[in-house]
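Enquirer: Okay, so here is entry_8.txt, and as you'll see once you scroll down, it has compact mmCIF, C-alpha atoms.
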# COMPACT_ATOMS: atom_id res chain seq x y z
CA MET A 1 8.12 0.74 -23.39
CA SER A 2 6.99 4.34 -22.90
CA LEU A 3 3.76 6.26 -23.07
CA GLN A 4 3.10 9.81 -24.21
CA VAL A 5 1.47 12.61 -22.23
CA PRO A 6 -0.12 15.34 -24.39
CA ALA A 7 1.63 18.70 -24.10
CA ILE A 8 -0.21 22.02 -24.07
CA ASN A 9 2.57 24.53 -24.47
CA ASP A 10 2.49 27.45 -26.90
CA GLN A 11 6.25 27.89 -26.77
CA ASP A 12 7.07 24.25 -27.45
CA SER A 13 6.60 22.57 -30.80
CA ALA A 14 6.36 19.14 -29.18
CA THR A 15 2.85 17.73 -29.00
CA ALA A 16 3.60 15.01 -26.46
CA VAL A 17 6.21 13.94 -23.93
CA GLU A 18 7.27 10.36 -23.34
CA VAL A 19 6.81 8.93 -19.84
CA ALA A 20 7.62 5.57 -18.28
CA GLU A 21 4.98 2.86 -18.51
CA ALA A 22 6.07 1.59 -15.08
CA VAL A 23 4.57 4.75 -13.57
CA PHE A 24 1.89 5.91 -16.00
CA GLY A 25 0.81 2.60 -17.53
CA GLN A 26 -0.55 0.70 -14.53
CA GLU A 27 -4.01 -0.82 -14.21
CA PHE A 28 -6.55 1.09 -12.15
CA ASN A 29 -6.85 -0.46 -8.69
CA GLU A 30 -10.15 0.95 -7.44
CA THR A 31 -9.93 -0.72 -4.03
CA LEU A 32 -6.45 0.62 -3.33
CA VAL A 33 -7.30 4.12 -4.55
CA HIS A 34 -10.40 4.15 -2.35
CA GLN A 35 -8.25 3.18 0.63
CA LEU A 36 -5.85 6.04 -0.10
CA VAL A 37 -8.68 8.56 -0.38
CA VAL A 38 -10.34 7.41 2.86
CA ARG A 39 -6.99 7.47 4.66
CA HIS A 40 -6.20 11.01 3.49
CA MET A 41 -9.60 12.35 4.54
CA ALA A 42 -9.47 10.55 7.89
CA ASN A 43 -6.00 11.93 8.65
CA ALA A 44 -7.30 15.44 7.94
CA ARG A 45 -9.87 15.19 10.74
CA ALA A 46 -9.01 17.17 13.88
CA GLY A 47 -10.58 14.76 16.34
CA THR A 48 -10.77 17.48 19.02
CA LYS A 49 -14.50 17.20 19.82
CA ALA A 50 -15.03 16.81 23.56
CA HIS A 51 -17.98 16.83 25.97
CA LYS A 52 -18.00 16.71 29.75
CA ASN A 53 -19.20 13.49 31.34
CA ARG A 54 -20.72 13.38 34.81
CA SER A 55 -17.29 13.18 36.46
CA ALA A 56 -16.07 16.33 34.69
CA VAL A 57 -18.95 18.74 35.34
CA ARG A 58 -19.00 20.97 38.39
CA GLY A 59 -21.09 20.22 41.46
CA GLY A 60 -22.71 17.05 42.74
CA GLY A 61 -20.94 16.93 46.06
CA ILE A 62 -24.14 16.76 48.06
CA LYS A 63 -27.53 15.16 47.57
CA PRO A 64 -29.82 17.91 46.12
CA TRP A 65 -32.69 17.15 48.56
CA ARG A 66 -33.69 14.46 50.96
CA GLN A 67 -34.85 11.12 49.65
CA LYS A 68 -38.48 11.23 50.83
CA GLY A 69 -41.12 13.72 51.76
CA THR A 70 -40.52 16.46 49.16
CA GLY A 71 -42.91 15.19 46.49
CA GLN A 72 -40.13 15.31 43.92
CA ALA A 73 -38.37 12.48 42.20
CA ARG A 74 -35.39 11.16 44.12
CA ALA A 75 -32.04 12.60 43.04
CA GLY A 76 -28.57 11.72 44.23
CA THR A 77 -26.40 14.20 42.33
CA ARG A 78 -26.60 17.34 40.25
CA ARG A 79 -24.18 15.75 37.78
CA SER A 80 -26.82 13.35 36.49
CA PRO A 81 -27.24 13.34 32.68
CA LEU A 82 -30.98 13.88 33.32
CA TRP A 83 -30.28 17.37 34.61
CA ARG A 84 -29.75 20.39 32.39
CA THR A 85 -26.42 21.13 34.05
CA GLY A 86 -25.41 17.49 34.29
CA GLY A 87 -22.83 15.52 32.39
CA VAL A 88 -23.31 14.03 28.93
CA THR A 89 -24.03 10.33 28.55
CA PHE A 90 -21.35 8.65 26.42
CA ALA A 91 -19.50 11.97 26.17
CA ALA A 92 -17.28 12.43 23.13
CA GLN A 93 -13.58 12.60 23.92
CA PRO A 94 -10.57 13.73 21.83
CA ARG A 95 -9.40 10.92 19.57
CA SER A 96 -7.17 10.30 16.59
CA PHE A 97 -8.67 9.17 13.28
CA GLU A 98 -5.24 8.51 11.77
CA GLN A 99 -4.98 5.54 9.45
CA LYS A 100 -1.69 4.01 8.37
CA ILE A 101 -0.68 2.58 5.03
CA ASN A 102 2.75 1.35 4.00
CA LYS A 103 4.83 3.24 1.45
CA LYS A 104 4.70 0.48 -1.15
CA MET A 105 0.89 0.52 -1.22
CA TYR A 106 0.82 4.33 -1.27
CA ARG A 107 3.15 4.56 -4.27
CA ALA A 108 1.18 1.85 -6.08
CA GLY A 109 -2.04 3.78 -5.48
CA ILE A 110 -0.60 7.05 -6.77
CA ARG A 111 0.76 5.26 -9.86
CA SER A 112 -2.71 3.84 -10.43
CA ILE A 113 -4.27 7.32 -10.21
CA PHE A 114 -1.78 8.90 -12.63
CA SER A 115 -2.25 6.02 -15.07
CA GLU A 116 -6.02 6.48 -15.02
CA LEU A 117 -5.68 10.24 -15.47
CA LEU A 118 -3.57 9.64 -18.57
CA ARG A 119 -6.06 7.13 -20.00
CA GLN A 120 -8.92 9.58 -19.46
CA ASP A 121 -7.00 12.47 -21.12
CA ARG A 122 -7.02 14.38 -17.83
CA LEU A 123 -3.23 14.66 -17.59
CA ASN A 124 -1.20 17.18 -19.59
CA ILE A 125 2.28 18.65 -19.59
CA SER A 126 2.92 22.36 -19.94
CA ASN A 127 5.83 24.63 -19.06
CA ASP A 128 3.99 27.66 -20.36
CA ILE A 129 1.46 27.32 -17.54
CA LEU A 130 3.95 28.92 -15.14
CA PRO A 131 3.23 32.66 -14.93
CA GLY A 132 5.78 35.40 -15.39
CA SER A 133 4.13 37.63 -12.80
CA ASN A 134 1.81 37.36 -9.82
CA LYS A 135 -1.16 38.78 -11.73
CA THR A 136 -4.34 36.72 -11.57
CA LYS A 137 -5.34 38.06 -14.99
CA GLU A 138 -2.32 36.43 -16.61
CA MET A 139 -3.00 33.01 -15.09
CA ALA A 140 -6.71 33.24 -15.92
CA ALA A 141 -5.78 33.85 -19.56
CA LYS A 142 -3.52 30.79 -19.57
CA LEU A 143 -6.29 28.62 -18.13
CA LYS A 144 -8.94 29.94 -20.48
CA SER A 145 -8.05 27.35 -23.11
CA VAL A 146 -8.22 24.51 -20.58
CA ASP A 147 -11.62 22.86 -20.89
CA ALA A 148 -12.04 21.93 -17.24
CA LYS A 149 -13.64 23.33 -14.10
CA ARG A 150 -11.29 21.92 -11.49
CA VAL A 151 -7.61 22.23 -12.37
CA LEU A 152 -4.59 21.01 -10.45
CA ILE A 153 -1.21 22.46 -11.39
CA ILE A 154 1.83 20.42 -10.35
CA ALA A 155 5.15 22.29 -10.44
CA ASP A 156 8.65 21.26 -9.44
CA GLU A 157 8.62 24.17 -6.98
CA LEU A 158 6.04 26.65 -5.72
CA THR A 159 7.11 30.12 -6.74
CA GLU A 160 5.58 33.28 -5.35
CA GLU A 161 4.22 34.15 -8.80
CA LEU A 162 2.45 30.80 -9.12
CA VAL A 163 0.87 30.93 -5.67
CA LEU A 164 -0.28 34.54 -5.86
CA SER A 165 -1.63 34.31 -9.42
CA THR A 166 -3.82 31.28 -8.67
CA ARG A 167 -5.09 31.85 -5.16
CA ASN A 168 -8.08 33.95 -6.27
CA ILE A 169 -9.15 31.66 -9.11
CA PRO A 170 -11.93 29.27 -8.02
CA TYR A 171 -11.32 25.52 -8.31
CA VAL A 172 -7.62 25.95 -9.21
CA ASP A 173 -5.08 24.33 -6.89
CA VAL A 174 -1.30 24.21 -7.04
CA ALA A 175 1.06 21.64 -5.54
CA THR A 176 4.55 20.25 -5.75
CA VAL A 177 5.40 16.62 -6.42
CA TYR A 178 5.96 16.12 -2.70
CA SER A 179 2.67 17.71 -1.60
CA ILE A 180 0.21 16.08 -4.00
CA ASP A 181 -2.44 13.91 -2.40
CA PRO A 182 -4.88 11.32 -3.79
CA VAL A 183 -7.96 13.45 -3.10
CA SER A 184 -6.66 16.40 -5.15
CA LEU A 185 -5.67 14.10 -8.03
CA VAL A 186 -8.97 12.22 -8.12
CA SER A 187 -11.16 15.32 -7.83
CA ALA A 188 -9.35 17.34 -10.53
CA ASP A 189 -10.92 17.48 -13.98
CA LYS A 190 -7.53 18.34 -15.45
CA VAL A 191 -4.03 17.88 -14.03
CA ILE A 192 -1.34 20.05 -15.62
CA ALA A 193 2.27 19.32 -14.71
CA THR A 194 5.54 20.85 -15.79
CA SER A 195 8.09 18.64 -17.51
CA ALA A 196 10.40 18.91 -14.49
CA ALA A 197 7.55 17.83 -12.21
CA ILE A 198 6.82 14.82 -14.42
CA LYS A 199 10.45 13.73 -14.15
CA GLN A 200 10.29 14.07 -10.37
CA ILE A 201 7.10 11.99 -10.31
CA GLU A 202 8.78 9.26 -12.32
CA GLU A 203 11.81 9.24 -10.02
CA ARG A 204 9.68 9.18 -6.88
CA LEU A 205 7.25 6.47 -8.02
CA SER A 206 9.63 4.21 -9.93
Using structure tokens, write down the structure from this file.

Expert:
Amino acid sequence: MSLQVPAINDQDSATAVEVAEAVFGQEFNETLVHQLVVRHMANARAGTKAHKNRSAVRGGGIKPWRQKGTGQARAGTRRSPLWRTGGVTFAAQPRSFEQKINKKMYRAGIRSIFSELLRQDRLNISNDILPGSNKTKEMAAKLKSVDAKRVLIIADELTEELVLSTRNIPYVDVATVYSIDPVSLVSADKVIATSAAIKQIEERLS
């Protein structure tokens, strides 16, 4: 059994394109999709924040002043966290926020997202969306009829014309089938894919 994705293409008389139910007809798994989104955002974190603890700061080789008789509080080192030039208590250190997920779960999650996009009429096919030049004006005219603020264009390959014509348009992203991520798919109001890209998605997620 197959489903149909609406086509928005001025040069094509077809109003819809058939797609496999095994990829675009799955139930929405909210828990799995949430896990994919959290994983993607966690893996994007740099994790390079670092502070100096008391063993890393300079100084502290000698007791600042004698223990008694000065009228000041006793101090054993200039590296103390109580001092302005001292180390940081529980200092942050570089760490990795990477989360792992197996390929089977990842593909199931992406299938769930595409299926929900199709059910919500947020997925369309169009070959006419690809520009003939790198002019932003041309791409803006093509997107004028798309009733959406955030648009994700999925192409079978990223051409120079596609990248240059979209980079100055707010809330418009472009990607290939192999570079799409769950966050971009979920946050897009409208996902427009070429017919070749749809075929690649079916082959990759089947």

Enquirer: Any idea what's packed within 10 Å of A:Gln200, counting only C-alpha atoms, ignoring anything in its chain fewer than 2 positions away? Could you give it as a ChimeraX atom specification?

Expert: /A:155-156,176-178,194-198,202-206

Enquirer: Using all atoms listed in the file, which residues sit within 6 Å of stretch 26-33 of chain A once same-chain residues fewer than 2 positions away are excluded, as a list of chain:residue names?

Expert: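 Here the answer would be A:Phe24, A:Gln35, A:Leu36, A:Gly109, A:Ser112, A:Ser115.
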
Enquirer: Can you work out the spacing between atom CA of A:Glu21 and atom CA of A:Tyr106 in Å, to one decimal?

Expert: 17.8 Å

Enquirer: Can you pull out the residues contacting A:Arg84? Cut-off 12 Å, using all atoms listed in the file, and skip same-chain residues under 6 positions away; I want them as a compact mmCIF listing (two decimals) with C-alpha atoms, in the frame of the given file.

Expert:
# COMPACT_ATOMS: atom_id res chain seq x y z
CA ARG A 54 -20.72 13.38 34.81
CA VAL A 57 -18.95 18.74 35.34
CA ARG A 78 -26.60 17.34 40.25

Enquirer: Quick one: residues within 9 Å of A:Asp147, all atoms listed in the file counted, chain neighbours fewer than 2 positions away excluded, as a list in words?

Expert: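 Using all atoms listed in the file, the neighbours found are Leu143, Lys144, Ser145, Lys149, Asp189 and Lys190 of chain A.
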
Enquirer: May I ask which of the residues A:Ile110, A:Val23, A:Val172, A:Val186 is the closest one to A:Leu3, counting all atoms listed in the file?

Expert: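 Ranking A:Ile110, A:Val23, A:Val172, A:Val186 by distance to A:Leu3, first place goes to A:Val23.
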
Enquirer: Record the distance separating atom CA of A:Ser165 and atom CA of A:Asp128, expressed in Å with one decimal.

Expert: 14.0 Å

Enquirer: Using only C-alpha atoms, can you tell me which of A:Gly61, A:Lys199, A:Thr136, A:Ala44 comes closest to A:Asp181?

Expert: A:Ala44

Enquirer: Which of these, A:Ala91, A:Gly132, A:Gln4, A:Arg150, has the shortest distance to A:Ile169 once you count only C-alpha atoms?

Expert: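 Closest candidate: A:Arg150.
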
Enquirer: Using Å and a single decimal, report how far atom CA of A:His51 sits from atom CA of A:Glu98.

Expert: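 Pair atom CA of A:Glu98 / atom CA of A:His51 returns 20.8 Å.
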